[in-house]
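A.B. asks: Handing over start22.cif, mmCIF, C-alpha atoms.
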data_my_file
loop_
_atom_site.label_atom_id
_atom_site.label_comp_id
_atom_site.auth_asym_id
_atom_site.auth_seq_id
_atom_site.Cartn_x
_atom_site.Cartn_y
_atom_site.Cartn_z
CA MET R 1 39.87 0.81 17.39
CA ALA R 2 43.09 0.23 15.46
CA LEU R 3 44.34 2.82 13.04
CA SER R 4 44.17 1.96 9.38
CA VAL R 5 47.46 1.15 7.71
CA SER R 6 46.03 0.86 4.19
CA ARG R 7 48.44 3.50 2.92
CA ASP R 8 51.23 1.31 4.33
CA GLU R 9 52.87 2.51 7.51
CA ARG R 10 54.89 5.37 6.04
CA ARG R 11 52.85 8.18 7.70
CA LEU R 12 49.61 8.75 9.52
CA ARG R 13 46.99 11.28 8.51
CA VAL R 14 44.61 12.86 11.04
CA LEU R 15 41.58 15.04 10.37
CA HIS R 16 41.06 17.62 13.14
CA LEU R 17 37.60 19.16 13.52
CA ARG R 18 36.73 22.33 15.41
CA SER R 19 33.64 24.53 15.58
CA SER R 20 35.19 27.86 16.50
CA ALA R 21 33.69 31.13 17.74
CA GLY R 22 36.97 33.04 17.98
CA LEU R 23 40.61 32.67 18.92
CA TYR R 24 40.42 31.31 22.47
CA GLY R 25 42.48 28.76 24.36
CA ALA R 26 41.47 25.71 22.33
CA GLU R 27 42.19 27.53 19.08
CA GLN R 28 45.62 28.57 20.31
CA VAL R 29 46.38 24.95 21.22
CA LEU R 30 45.48 23.86 17.69
CA LEU R 31 47.53 26.62 16.10
CA THR R 32 50.48 25.56 18.22
CA LEU R 33 50.05 21.83 17.63
CA LEU R 34 49.11 21.35 13.99
CA PRO R 35 52.11 22.92 12.24
CA ARG R 36 54.47 20.72 14.29
CA LEU R 37 52.93 17.30 13.65
CA PRO R 38 54.14 16.69 10.05
CA ALA R 39 57.78 16.76 11.14
CA LEU R 40 56.92 13.95 13.57
CA GLY R 41 55.33 11.73 10.91
CA VAL R 42 51.69 12.79 11.23
CA ASP R 43 50.06 14.72 8.40
CA VAL R 44 47.10 16.85 9.41
CA VAL R 45 44.09 18.53 7.87
CA LEU R 46 41.97 20.97 9.85
CA GLY R 47 38.24 21.03 9.18
CA CYS R 48 36.69 24.26 10.50
CA LEU R 49 32.93 23.98 10.88
CA ARG R 50 31.31 27.12 9.51
CA ASN R 51 29.56 29.37 12.01
CA PRO R 52 26.39 30.93 10.53
CA TYR R 53 26.91 33.96 12.76
CA GLN R 54 30.53 34.57 11.74
CA PRO R 55 31.31 35.33 8.09
CA THR R 56 35.05 34.98 8.76
CA LEU R 57 36.54 32.13 10.77
CA GLU R 58 39.70 33.41 12.44
CA LEU R 59 40.94 29.90 13.20
CA HIS R 60 40.76 28.94 9.53
CA GLU R 61 42.52 32.09 8.36
CA ARG R 62 45.27 31.83 10.97
CA ALA R 63 45.84 28.14 10.25
CA LEU R 64 46.25 28.84 6.55
CA ALA R 65 48.77 31.58 7.34
CA LEU R 66 50.77 29.01 9.32
CA GLY R 67 50.84 26.59 6.39
CA VAL R 68 48.22 24.21 7.77
CA ASP R 69 45.89 22.54 5.28
CA SER R 70 42.66 24.06 6.63
CA ARG R 71 39.28 23.56 4.98
CA LEU R 72 35.86 25.01 5.67
CA VAL R 73 33.11 22.51 6.47
CA PRO R 74 29.51 23.59 5.79
CA CYS R 75 27.42 23.83 8.96
CA ASP R 76 24.15 25.75 9.18
CA GLY R 77 23.14 24.98 12.74
CA ARG R 78 23.48 22.77 15.79
CA PHE R 79 22.77 19.75 13.59
CA ASP R 80 23.27 19.78 9.85
CA PRO R 81 23.06 16.54 7.80
CA GLY R 82 25.17 18.30 5.18
CA THR R 83 27.97 18.59 7.74
CA VAL R 84 27.84 14.85 8.34
CA ARG R 85 28.09 14.17 4.62
CA ALA R 86 30.93 16.67 4.18
CA ILE R 87 33.00 15.14 7.00
CA ARG R 88 32.42 11.61 5.70
CA ARG R 89 33.44 12.66 2.18
CA MET R 90 36.52 14.55 3.43
CA ALA R 91 37.69 11.63 5.56
CA ALA R 92 37.32 9.24 2.64
CA GLU R 93 39.01 11.46 0.06
CA LEU R 94 41.93 12.20 2.37
CA GLU R 95 42.18 8.56 3.50
CA VAL R 96 42.56 9.69 7.10
CA ASP R 97 43.54 7.20 9.75
CA ALA R 98 41.88 9.06 12.61
CA ILE R 99 39.45 11.89 13.30
CA HIS R 100 40.35 14.21 16.17
CA VAL R 101 37.49 16.35 17.53
CA HIS R 102 37.75 19.42 19.76
CA ASP R 103 34.21 20.41 20.82
CA TYR R 104 30.66 19.11 21.22
CA LYS R 105 29.48 20.04 17.71
CA SER R 106 32.48 18.40 16.08
CA VAL R 107 32.17 15.16 18.04
CA PHE R 108 28.41 15.05 17.40
CA HIS R 109 28.78 15.31 13.62
CA ALA R 110 31.92 13.14 13.53
CA ARG R 111 30.20 10.29 15.36
CA LEU R 112 27.50 10.27 12.70
CA ALA R 113 29.97 10.69 9.85
CA ASN R 114 32.47 8.06 10.96
CA ARG R 115 31.54 5.36 8.45
CA PRO R 116 33.53 3.27 7.72
CA ARG R 117 34.81 3.34 11.27
CA ARG R 118 38.06 5.19 11.90
CA ALA R 119 39.83 5.84 15.15
CA LEU R 120 38.22 8.73 17.02
CA VAL R 121 40.19 10.99 19.38
CA ALA R 122 38.52 13.71 21.44
CA THR R 123 40.20 16.51 23.37
CA LEU R 124 38.27 18.16 26.19
CA HIS R 125 39.71 21.65 26.47
CA GLY R 126 37.83 22.52 29.65
CA HIS R 127 34.19 23.12 30.49
CA PHE R 128 33.07 26.54 31.68
CA ALA R 129 29.29 26.44 32.05
CA ASP R 130 28.32 30.12 32.28
CA THR R 131 24.92 29.76 30.58
CA ARG R 132 22.20 27.14 30.46
CA SER R 133 22.92 26.37 26.81
CA VAL R 134 26.65 25.93 27.50
CA ARG R 135 25.86 23.53 30.35
CA LEU R 136 23.74 21.53 27.90
CA TYR R 137 26.53 21.47 25.32
CA ASN R 138 29.04 20.34 27.95
CA TRP R 139 26.73 17.52 29.01
CA LEU R 140 26.26 16.50 25.37
CA GLU R 141 30.00 16.53 24.67
CA LEU R 142 30.78 14.33 27.66
CA ALA R 143 28.03 11.90 26.66
CA LEU R 144 29.32 11.69 23.09
CA VAL R 145 33.00 11.20 23.89
CA ARG R 146 32.20 7.91 25.61
CA GLY R 147 32.42 6.46 22.11
CA ALA R 148 35.90 7.86 21.43
CA ASP R 149 38.94 5.59 21.36
CA ARG R 150 40.96 8.17 23.30
CA VAL R 151 39.74 11.08 25.41
CA CYS R 152 42.47 13.65 25.99
CA ILE R 153 42.24 16.10 28.88
CA VAL R 154 44.50 19.03 29.75
CA SER R 155 44.41 18.42 33.50
CA ASP R 156 44.21 15.40 35.79
CA ALA R 157 41.67 17.41 37.77
CA MET R 158 39.16 16.59 35.01
CA ARG R 159 39.40 12.84 35.62
CA ASP R 160 36.86 12.74 38.45
CA GLU R 161 34.20 14.33 36.27
CA LEU R 162 34.94 11.84 33.50
CA ARG R 163 34.58 8.93 35.92
CA ARG R 164 31.22 10.29 37.05
CA ARG R 165 30.16 10.34 33.40
CA ARG R 166 31.26 6.70 33.02
CA ILE R 167 34.10 7.45 30.60
CA ASP R 168 36.61 4.59 30.71
CA PRO R 169 39.76 5.75 32.59
CA ALA R 170 41.83 3.36 30.46
CA ARG R 171 40.97 5.44 27.39
CA THR R 172 41.71 8.78 29.09
CA VAL R 173 45.06 10.50 28.50
CA THR R 174 46.32 13.73 30.09
CA VAL R 175 48.03 15.97 27.53
CA PRO R 176 49.07 19.33 29.03
CA ASN R 177 48.73 22.38 26.84
CA GLY R 178 51.85 23.67 25.15
CA ILE R 179 52.79 27.06 23.74
CA ASP R 180 55.11 28.51 21.14
CA THR R 181 58.03 29.67 23.26
CA GLU R 182 59.65 31.37 20.28
CA ARG R 183 56.65 33.60 19.89
CA PHE R 184 56.15 34.15 23.62
CA ARG R 185 59.45 35.30 25.06
CA PRO R 186 60.77 38.22 27.15
CA ALA R 187 60.86 41.58 25.38
CA ASP R 188 61.59 45.20 26.19
CA ALA R 189 58.99 46.41 28.71
CA ALA R 190 59.38 50.11 27.87
CA ALA R 191 58.76 49.50 24.17
CA ALA R 192 55.76 47.28 24.93
CA ARG R 193 54.22 49.96 27.17
CA ALA R 194 54.82 52.68 24.64
CA ALA R 195 53.09 50.63 21.93
CA LEU R 196 50.02 50.20 24.18
CA GLY R 197 50.00 53.80 25.37
CA LEU R 198 50.74 52.77 28.96
CA PRO R 199 52.78 54.89 31.40
CA SER R 200 56.40 53.84 31.62
CA ASP R 201 56.70 54.28 35.39
CA ALA R 202 53.38 52.87 36.64
CA ARG R 203 52.61 49.50 38.22
CA ILE R 204 50.86 47.56 35.43
CA PHE R 205 48.75 44.47 36.06
CA GLY R 206 47.14 42.65 33.20
CA THR R 207 45.44 39.56 31.88
CA ALA R 208 43.99 37.92 28.76
CA MET R 209 40.64 36.22 29.22
CA ARG R 210 37.19 35.62 27.87
CA LEU R 211 34.89 38.10 29.58
CA ALA R 212 32.63 35.47 31.08
CA ALA R 213 31.60 34.49 34.61
CA PRO R 214 33.99 31.52 35.12
CA LYS R 215 36.95 33.84 34.50
CA PHE R 216 35.64 36.19 37.25
CA PRO R 217 36.49 39.51 35.59
CA ILE R 218 34.09 41.39 37.88
CA GLY R 219 35.99 40.02 40.89
CA LEU R 220 39.27 41.18 39.35
CA ILE R 221 37.98 44.72 38.91
CA GLU R 222 36.60 44.73 42.46
CA ALA R 223 39.97 43.53 43.78
CA PHE R 224 41.84 46.19 41.82
CA ALA R 225 39.49 48.87 43.17
CA ALA R 226 40.07 47.64 46.72
CA ALA R 227 43.86 47.61 46.25
CA ARG R 228 44.00 50.99 44.54
CA PRO R 229 44.49 53.11 47.72
CA ARG R 230 47.65 51.14 48.47
CA LEU R 231 48.80 50.90 44.85
CA GLY R 232 48.40 54.58 44.10
CA GLU R 233 46.55 56.48 41.40
CA SER R 234 49.06 55.59 38.69
CA ALA R 235 48.47 51.82 38.82
CA VAL R 236 46.77 50.36 35.74
CA LEU R 237 44.88 47.14 35.03
CA VAL R 238 44.68 46.02 31.39
CA ILE R 239 42.36 43.25 30.22
CA ALA R 240 42.66 41.74 26.75
CA GLY R 241 39.68 39.80 25.45
CA ASP R 242 35.95 40.05 24.85
CA GLY R 243 32.82 38.18 25.82
CA PRO R 244 29.26 38.39 27.14
CA MET R 245 30.19 40.38 30.25
CA ARG R 246 31.86 43.32 28.51
CA ALA R 247 28.97 45.77 28.97
CA GLU R 248 28.66 44.80 32.63
CA LEU R 249 32.38 45.36 33.15
CA GLU R 250 32.24 48.76 31.49
CA SER R 251 29.41 49.79 33.81
CA ARG R 252 31.26 48.56 36.89
CA ILE R 253 34.46 50.33 35.87
CA GLU R 254 32.49 53.57 35.53
CA ALA R 255 30.70 53.08 38.86
CA LEU R 256 33.99 52.49 40.70
CA GLY R 257 35.60 55.55 39.16
CA LEU R 258 38.24 53.47 37.40
CA ARG R 259 37.99 54.92 33.92
CA GLY R 260 41.58 55.33 32.75
CA GLN R 261 42.92 52.94 35.38
CA VAL R 262 41.20 49.83 33.95
CA ARG R 263 41.61 49.45 30.21
CA LEU R 264 39.71 46.91 28.15
CA LEU R 265 41.86 46.16 25.13
CA GLY R 266 39.38 43.91 23.33
CA VAL R 267 40.46 40.86 21.37
CA ARG R 268 44.19 40.90 20.60
CA ASP R 269 46.06 38.60 18.25
CA ASP R 270 49.42 39.96 19.40
CA LEU R 271 49.49 39.01 23.06
CA GLU R 272 53.22 38.42 22.81
CA ARG R 273 53.42 42.23 22.61
CA VAL R 274 51.08 42.76 25.56
CA TYR R 275 52.56 40.49 28.24
CA PRO R 276 56.03 42.15 28.32
CA ALA R 277 54.35 45.44 29.32
CA LEU R 278 53.08 43.90 32.56
CA ASP R 279 54.61 43.87 36.01
CA ALA R 280 52.36 40.94 36.87
CA PHE R 281 49.90 38.71 35.05
CA VAL R 282 46.65 38.20 36.96
CA LEU R 283 44.38 35.17 36.72
CA PRO R 284 41.29 35.39 38.99
CA SER R 285 39.41 32.42 37.47
CA LEU R 286 36.85 30.38 39.36
CA SER R 287 37.56 27.35 37.16
CA GLU R 288 40.24 26.39 34.66
CA GLY R 289 41.94 23.43 33.08
CA LEU R 290 45.44 24.46 32.09
CA PRO R 291 45.17 28.13 31.09
CA MET R 292 47.12 29.05 27.98
CA ALA R 293 47.38 32.72 28.95
CA LEU R 294 49.18 31.81 32.17
CA LEU R 295 51.77 29.78 30.27
CA GLU R 296 52.19 32.51 27.66
CA ALA R 297 52.78 35.20 30.26
CA MET R 298 55.27 33.06 32.16
CA ALA R 299 57.14 32.30 28.93
CA CYS R 300 57.48 36.08 28.56
CA GLY R 301 58.97 36.19 32.06
CA VAL R 302 55.93 37.82 33.69
CA PRO R 303 55.17 36.68 37.28
CA PRO R 304 51.61 35.51 37.95
CA ILE R 305 49.08 36.29 40.66
CA ALA R 306 46.60 33.43 40.26
CA THR R 307 43.87 31.43 41.92
CA ALA R 308 44.17 27.75 42.86
CA VAL R 309 42.11 26.27 40.02
CA GLY R 310 42.80 23.42 37.61
CA ARG R 311 46.49 22.82 37.09
CA VAL R 312 47.51 26.33 38.14
CA PRO R 313 49.04 25.21 41.48
CA GLU R 314 51.17 22.64 39.66
CA VAL R 315 52.30 25.15 37.02
CA ILE R 316 53.47 27.81 39.46
CA ALA R 317 54.68 25.63 42.36
CA GLY R 318 58.11 26.75 43.47
CA VAL R 319 58.42 29.60 40.96
CA ALA R 320 55.66 32.03 41.99
CA ALA R 321 53.61 33.07 45.01
CA ALA R 322 51.17 30.50 46.35
CA PRO R 323 47.86 30.50 44.49
CA LEU R 324 44.87 32.23 46.07
CA PRO R 325 41.43 30.86 46.99
CA PRO R 326 39.11 31.26 43.98
CA GLY R 327 36.42 33.88 44.49
CA ASP R 328 38.22 35.58 47.41
CA VAL R 329 38.24 39.21 46.29
CA ALA R 330 39.86 40.48 49.49
CA ALA R 331 42.76 38.01 49.19
CA PHE R 332 43.28 38.96 45.56
CA ALA R 333 43.23 42.66 46.42
CA ASP R 334 45.87 42.11 49.10
CA ALA R 335 48.04 40.16 46.64
CA LEU R 336 47.84 43.05 44.17
CA ALA R 337 48.65 45.64 46.80
CA THR R 338 51.65 43.75 48.20
CA PHE R 339 53.09 42.50 44.91
CA ALA R 340 56.77 43.26 44.43
CA PRO R 341 58.88 42.12 41.46
CA VAL R 342 61.85 39.84 42.15
CA PRO R 343 65.07 40.57 40.22
CA GLY R 344 66.03 37.71 37.92
CA HIS R 345 62.65 36.03 38.32
CA ALA R 346 61.83 36.18 34.59
CA ALA R 347 64.38 33.52 33.71
CA THR R 348 63.00 31.14 36.35
CA LEU R 349 59.44 31.53 35.09
CA ARG R 350 60.43 30.98 31.48
CA ALA R 351 62.51 27.94 32.39
CA ARG R 352 59.44 26.30 33.96
CA VAL R 353 57.49 26.69 30.73
CA LEU R 354 60.38 25.52 28.57
CA GLU R 355 60.79 22.42 30.74
CA ARG R 356 57.15 21.34 30.91
CA TYR R 357 54.90 23.18 28.48
CA ALA R 358 56.77 23.90 25.25
CA ALA R 359 55.10 23.22 21.92
CA GLY R 360 57.40 20.32 21.10
CA ALA R 361 56.24 18.38 24.14
CA LEU R 362 52.60 18.95 23.17
CA ALA R 363 53.19 17.62 19.66
CA ARG R 364 55.13 14.57 20.84
CA ALA R 365 52.40 13.73 23.35
CA TYR R 366 49.74 13.68 20.65
CA VAL R 367 51.94 11.63 18.35
CA ASP R 368 52.13 9.10 21.18
CA VAL R 369 48.33 9.13 21.39
CA TYR R 370 47.97 8.41 17.67
CA ARG R 371 50.75 5.84 17.71
CA GLY R 372 49.16 4.07 20.67
CA LEU R 373 45.91 3.67 18.76
CA GLY R 374 47.58 1.66 16.05
CA GLY R 375 50.05 -0.22 18.16
CA HIS R 376 52.76 0.36 15.59
CA ALA R 377 55.71 2.74 15.41
CA LEU R 378 55.70 5.64 13.02
CA PRO R 379 58.46 5.71 10.44
CA ASP R 380 61.00 8.47 10.15
CA ALA R 381 59.25 11.68 9.11
CA ARG R 382 59.83 13.14 5.69
CA PRO R 383 58.36 16.37 4.30
CA LEU R 384 55.11 16.38 2.40
CA ALA R 385 55.18 17.09 -1.31
CA SER R 386 52.33 19.55 -0.81
CA PRO R 387 49.75 20.31 1.92
CA GLY R 388 47.13 17.62 2.30
CA THR R 389 48.78 15.03 0.06
#
Before we go any further, please render this structure as structure tokens.
C.D. replies:
Amino acid sequence: MALSVSRDERRLRVLHLRSSAGLYGAEQVLLTLLPRLPALGVDVVLGCLRNPYQPTLELHERALALGVDSRLVPCDGRFDPGTVRAIRRMAAELEVDAIHVHDYKSVFHARLANRPRRALVATLHGHFADTRSVRLYNWLELALVRGADRVCIVSDAMRDELRRRRIDPARTVTVPNGIDTERFRPADAAAARAALGLPSDARIFGTAMRLAAPKFPIGLIEAFAAARPRLGESAVLVIAGDGPMRAELESRIEALGLRGQVRLLGVRDDLERVYPALDAFVLPSLSEGLPMALLEAMACGVPPIATAVGRVPEVIAGVAAAPLPPGDVAAFADALATFAPVPGHAATLRARVLERYAAGALARAYVDVYRGLGGHALPDARPLASPGT
């Protein structure tokens, strides 16, 4: 599907669609990507599908604060004909050249709304099937993206699954996640600990995750409990995030006698202030694509202790300890107990992120995707007169 050039070839305009339930990895990718595309010749509009269970959409509010033209799209359920009409009307009024979808609900409604036909790009941010309904949604998303002109994945490890679902490899593009390395950078550890109420002289491990089974938070708490006799009573584990397993984690923390040593911080929108407080960032996941939190922590100079899932081995190869077998609580506990910081290591970790996973590289990669659809070069970028014009 070739991109339209009806507005001559001066700029491209892309409508991004996302049905969001919070500020998770996919949302952070969008908030990193979208503000950077206009300077590269691609104007963007973000359509946030309304969630009937959430009166406020954090993605929409944060995008507006960053200067992104973000608009709410009506959506009253899993399928809403009004959503189809709203997307079709928005695409026509904005004269978009392509629609870029970021989840199953968006691709479902966009496929129905895409008349007249525009280029369709889909990004698969990673599938973590922790419930029956999520497994169904993942299956539906993979079935629907067969009709996309480009399917973008964050990790080559996802290619085998796409082949099994008969998605054309020629239309599949790997685009690694990227982060804002100005936002995520080394900072004073003592100040960060003081702000969080953490002891200045303790060993602090921490993570940011959705509290759901694929992230294996129960395994992390079990590993910390097992390592505690060797770490000492002052060691602390902090976990930023929320999710369906929170109550279960609270019960397990109580049962293991870890109240005070394991702290659940809840959802944080200031993780750049959390990571510098850590001696080590821990990632116990059973499955991942390219985890944003890992890249963010490394950009802050924090060494990781991580499992060998998704692109994690590639990210940390040569700059951190070898990744651990996923699900191996004993191995993770031993890694916690034997962890020792390496002087000067922060600069090495940050350099890896700057080299491979900075926001600029993410934006340029997606510009290449859009440019490849049309087979024509984008002109030199010039600023918009106003958002959305």
A.B. asks: Quick one: residues within 10 Å of R:Ala227, only C-alpha atoms, excluding same-chain residues fewer than 4 positions away - as a PyMOL selection string?
C.D. replies: chain R and resi 221-223+231-232+235+330+332-338
A.B. asks: Name the residues that the PyMOL selection byres ((chain R and resi 190-207) around 6) pulls out of this structure, and write them as a PyMOL selection string.
C.D. replies: chain R and resi 188-189+208+234-239+277-282
A.B. asks: Take the selection from the previous step and output its residues with C-alpha atoms, as a PDB file, keeping the file's coordinate frame.
C.D. replies:
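Generated output (selection08.pdb):
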ATOM      1  CA  ASP R 188      61.590  45.200  26.190  1.00  0.00           C
ATOM      2  CA  ALA R 189      58.990  46.410  28.710  1.00  0.00           C
ATOM      3  CA  ALA R 208      43.990  37.920  28.760  1.00  0.00           C
ATOM      4  CA  SER R 234      49.060  55.590  38.690  1.00  0.00           C
ATOM      5  CA  ALA R 235      48.470  51.820  38.820  1.00  0.00           C
ATOM      6  CA  VAL R 236      46.770  50.360  35.740  1.00  0.00           C
ATOM      7  CA  LEU R 237      44.880  47.140  35.030  1.00  0.00           C
ATOM      8  CA  VAL R 238      44.680  46.020  31.390  1.00  0.00           C
ATOM      9  CA  ILE R 239      42.360  43.250  30.220  1.00  0.00           C
ATOM     10  CA  ALA R 277      54.350  45.440  29.320  1.00  0.00           C
ATOM     11  CA  LEU R 278      53.080  43.900  32.560  1.00  0.00           C
ATOM     12  CA  ASP R 279      54.610  43.870  36.010  1.00  0.00           C
ATOM     13  CA  ALA R 280      52.360  40.940  36.870  1.00  0.00           C
ATOM     14  CA  PHE R 281      49.900  38.710  35.050  1.00  0.00           C
ATOM     15  CA  VAL R 282      46.650  38.200  36.960  1.00  0.00           C
TER      16      VAL R 282
END
A.B. asks: Step by step, work through what the PyMOL selection byres ((chain R and resi 164-175) around 9) selects in the shown file, and finish by giving those residues as a tab-separated table (two decimals) with C-alpha atoms, in the frame of the given file.
C.D. replies:
chain	number	residue	atom	x	y	z
R	123	THR	CA	40.20	16.51	23.37
R	142	LEU	CA	30.78	14.33	27.66
R	143	ALA	CA	28.03	11.90	26.66
R	145	VAL	CA	33.00	11.20	23.89
R	146	ARG	CA	32.20	7.91	25.61
R	147	GLY	CA	32.42	6.46	22.11
R	148	ALA	CA	35.90	7.86	21.43
R	149	ASP	CA	38.94	5.59	21.36
R	150	ARG	CA	40.96	8.17	23.30
R	151	VAL	CA	39.74	11.08	25.41
R	152	CYS	CA	42.47	13.65	25.99
R	153	ILE	CA	42.24	16.10	28.88
R	154	VAL	CA	44.50	19.03	29.75
R	155	SER	CA	44.41	18.42	33.50
R	156	ASP	CA	44.21	15.40	35.79
R	159	ARG	CA	39.40	12.84	35.62
R	160	ASP	CA	36.86	12.74	38.45
R	161	GLU	CA	34.20	14.33	36.27
R	162	LEU	CA	34.94	11.84	33.50
R	163	ARG	CA	34.58	8.93	35.92
R	176	PRO	CA	49.07	19.33	29.03
R	177	ASN	CA	48.73	22.38	26.84
R	178	GLY	CA	51.85	23.67	25.15
R	362	LEU	CA	52.60	18.95	23.17
R	365	ALA	CA	52.40	13.73	23.35
R	366	TYR	CA	49.74	13.68	20.65
R	369	VAL	CA	48.33	9.13	21.39
A.B. asks: Which one is closest to R:Leu31: R:Leu140, R:Ala363, R:Ser106, R:Ala86? Count only C-alpha atoms.
C.D. replies: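 Ranked by minimum distance to R:Leu31, first place goes to R:Ala363.
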A.B. asks: For each of R:His125, R:Arg183, R:Asp76, R:Ala240, take the minimum atom-to-atom distance to R:Gly310, counting all atoms listed in the file, then give the residue where this is smallest.
C.D. replies: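 Of R:His125, R:Arg183, R:Asp76, R:Ala240, the one nearest R:Gly310, counting all atoms listed in the file, is R:His125.
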A.B. asks: Can you tell me how far atom CA of R:Val329 sits from atom CA of R:Gly243, in Å to one decimal?
C.D. replies: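 Distance between the two atoms: 21.2 Å.
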A.B. asks: Ranking R:Leu40, R:Leu46, R:Ala322, R:Leu354 by minimum distance to R:Asp368 and counting only C-alpha atoms, which one comes first?
C.D. replies: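 Once distances to R:Asp368 are computed over only C-alpha atoms, the minimum belongs to R:Leu40.
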A.B. asks: What would the list of residues within 12 Å of (39.3, 31.0, 48.9) (file frame) look like as a list of chain:residue names, if all atoms listed in the file are what count?
C.D. replies: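 In the file's frame, the residues around the point are R:Pro284, R:Ser285, R:Leu286, R:Ala306, R:Thr307, R:Ala308, R:Val309, R:Pro323, R:Leu324, R:Pro325, R:Pro326, R:Gly327, R:Asp328, R:Val329, R:Ala330, R:Ala331, R:Phe332.
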A.B. asks: Run through the PyMOL selection byres ((chain R and resi 83) around 9) on the given coordinates and return the selected residues as an mmCIF file with C-alpha atoms, keeping the file's coordinate frame.
C.D. replies:
data_model
loop_
_atom_site.group_PDB
_atom_site.id
_atom_site.type_symbol
_atom_site.label_atom_id
_atom_site.label_comp_id
_atom_site.auth_asym_id
_atom_site.auth_seq_id
_atom_site.Cartn_x
_atom_site.Cartn_y
_atom_site.Cartn_z
ATOM 1 C CA LEU R 49 32.930 23.980 10.880
ATOM 2 C CA VAL R 73 33.110 22.510 6.470
ATOM 3 C CA PRO R 74 29.510 23.590 5.790
ATOM 4 C CA CYS R 75 27.420 23.830 8.960
ATOM 5 C CA ASP R 76 24.150 25.750 9.180
ATOM 6 C CA PHE R 79 22.770 19.750 13.590
ATOM 7 C CA ASP R 80 23.270 19.780 9.850
ATOM 8 C CA PRO R 81 23.060 16.540 7.800
ATOM 9 C CA GLY R 82 25.170 18.300 5.180
ATOM 10 C CA VAL R 84 27.840 14.850 8.340
ATOM 11 C CA ARG R 85 28.090 14.170 4.620
ATOM 12 C CA ALA R 86 30.930 16.670 4.180
ATOM 13 C CA ILE R 87 33.000 15.140 7.000
ATOM 14 C CA ARG R 88 32.420 11.610 5.700
ATOM 15 C CA HIS R 109 28.780 15.310 13.620
ATOM 16 C CA ALA R 110 31.920 13.140 13.530
ATOM 17 C CA ALA R 113 29.970 10.690 9.850
#
A.B. asks: Quick one: axis-aligned box around all listed atoms of stretch 346-353 of chain R, 3 Å on every side, centre and edge lengths in Å to one decimal, written as AutoDock Vina command-line options.
C.D. replies:
--center_x 60.9 --center_y 31.2 --center_z 33.5 --size_x 12.9 --size_y 15.9 --size_z 11.6
A.B. asks: Tell me, in Å to one decimal, how far atom CA of R:Leu94 is from atom CA of R:Glu61.
C.D. replies: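 Those two atoms sit 20.8 Å apart.
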A.B. asks: Using all atoms listed in the file for the distances, tell me which of R:Pro244, R:His100, R:Asp269, R:Ser19 is nearest to R:Ala119.
C.D. replies: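 The shortest atom-to-atom distance to R:Ala119 comes from R:His100.
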A.B. asks: Please indicate the distance in Å from atom CA of R:Leu256 to atom CA of R:Leu294, rounded to one decimal place.
C.D. replies: 27.0 Å
A.B. asks: Find the residue from R:Phe339, R:Phe108, R:Phe224, R:Tyr53 that sits nearest to R:Ile305; use only C-alpha atoms when measuring.
C.D. replies: R:Phe339
A.B. asks: With only C-alpha atoms as the counted atoms, please give the residues lying no more than 12 Å from R:Gly257, apart from itself and same-chain residues fewer than 2 positions off, as a list of chain:residue names.
C.D. replies: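 Residues meeting the cut-off are R:Ile221, R:Glu222, R:Phe224, R:Ala225, R:Ala226, R:Arg228, R:Glu233, R:Glu250, R:Ser251, R:Arg252, R:Ile253, R:Glu254, R:Ala255, R:Arg259, R:Gly260, R:Gln261, R:Val262.
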A.B. asks: Could you write out that same residue set with C-alpha atoms as a compact mmCIF listing (two decimals), keeping the file's coordinate frame?
C.D. replies:
# COMPACT_ATOMS: atom_id res chain seq x y z
CA ILE R 221 37.98 44.72 38.91
CA GLU R 222 36.60 44.73 42.46
CA PHE R 224 41.84 46.19 41.82
CA ALA R 225 39.49 48.87 43.17
CA ALA R 226 40.07 47.64 46.72
CA ARG R 228 44.00 50.99 44.54
CA GLU R 233 46.55 56.48 41.40
CA GLU R 250 32.24 48.76 31.49
CA SER R 251 29.41 49.79 33.81
CA ARG R 252 31.26 48.56 36.89
CA ILE R 253 34.46 50.33 35.87
CA GLU R 254 32.49 53.57 35.53
CA ALA R 255 30.70 53.08 38.86
CA ARG R 259 37.99 54.92 33.92
CA GLY R 260 41.58 55.33 32.75
CA GLN R 261 42.92 52.94 35.38
CA VAL R 262 41.20 49.83 33.95
A.B. asks: Identify which of the residues R:Ile99, R:Leu64, R:Leu37, R:Val353 lies closest to R:Leu120, counting all atoms listed in the file when measuring atom-to-atom distances.
C.D. replies: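 So, comparing all the options, the nearest one is R:Ile99.
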A.B. asks: For R:Met292, find every residue with an atom within 8 Å (counting only C-alpha atoms), except residues of its own chain fewer than 2 positions away, and show them as a list in words.
C.D. replies: Gly25, Gln28, Val29, Asn177, Gly178, Ile179, Leu290, Leu294, Leu295 and Glu296 of chain R
A.B. asks: Keeping only C-alpha atoms, write the selected residues as an mmCIF file, in the coordinates of the input.
C.D. replies:
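Output file out04.cif follows:
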data_model
loop_
_atom_site.group_PDB
_atom_site.id
_atom_site.type_symbol
_atom_site.label_atom_id
_atom_site.label_comp_id
_atom_site.auth_asym_id
_atom_site.auth_seq_id
_atom_site.Cartn_x
_atom_site.Cartn_y
_atom_site.Cartn_z
ATOM 1 C CA GLY R 25 42.480 28.760 24.360
ATOM 2 C CA GLN R 28 45.620 28.570 20.310
ATOM 3 C CA VAL R 29 46.380 24.950 21.220
ATOM 4 C CA ASN R 177 48.730 22.380 26.840
ATOM 5 C CA GLY R 178 51.850 23.670 25.150
ATOM 6 C CA ILE R 179 52.790 27.060 23.740
ATOM 7 C CA LEU R 290 45.440 24.460 32.090
ATOM 8 C CA LEU R 294 49.180 31.810 32.170
ATOM 9 C CA LEU R 295 51.770 29.780 30.270
ATOM 10 C CA GLU R 296 52.190 32.510 27.660
#
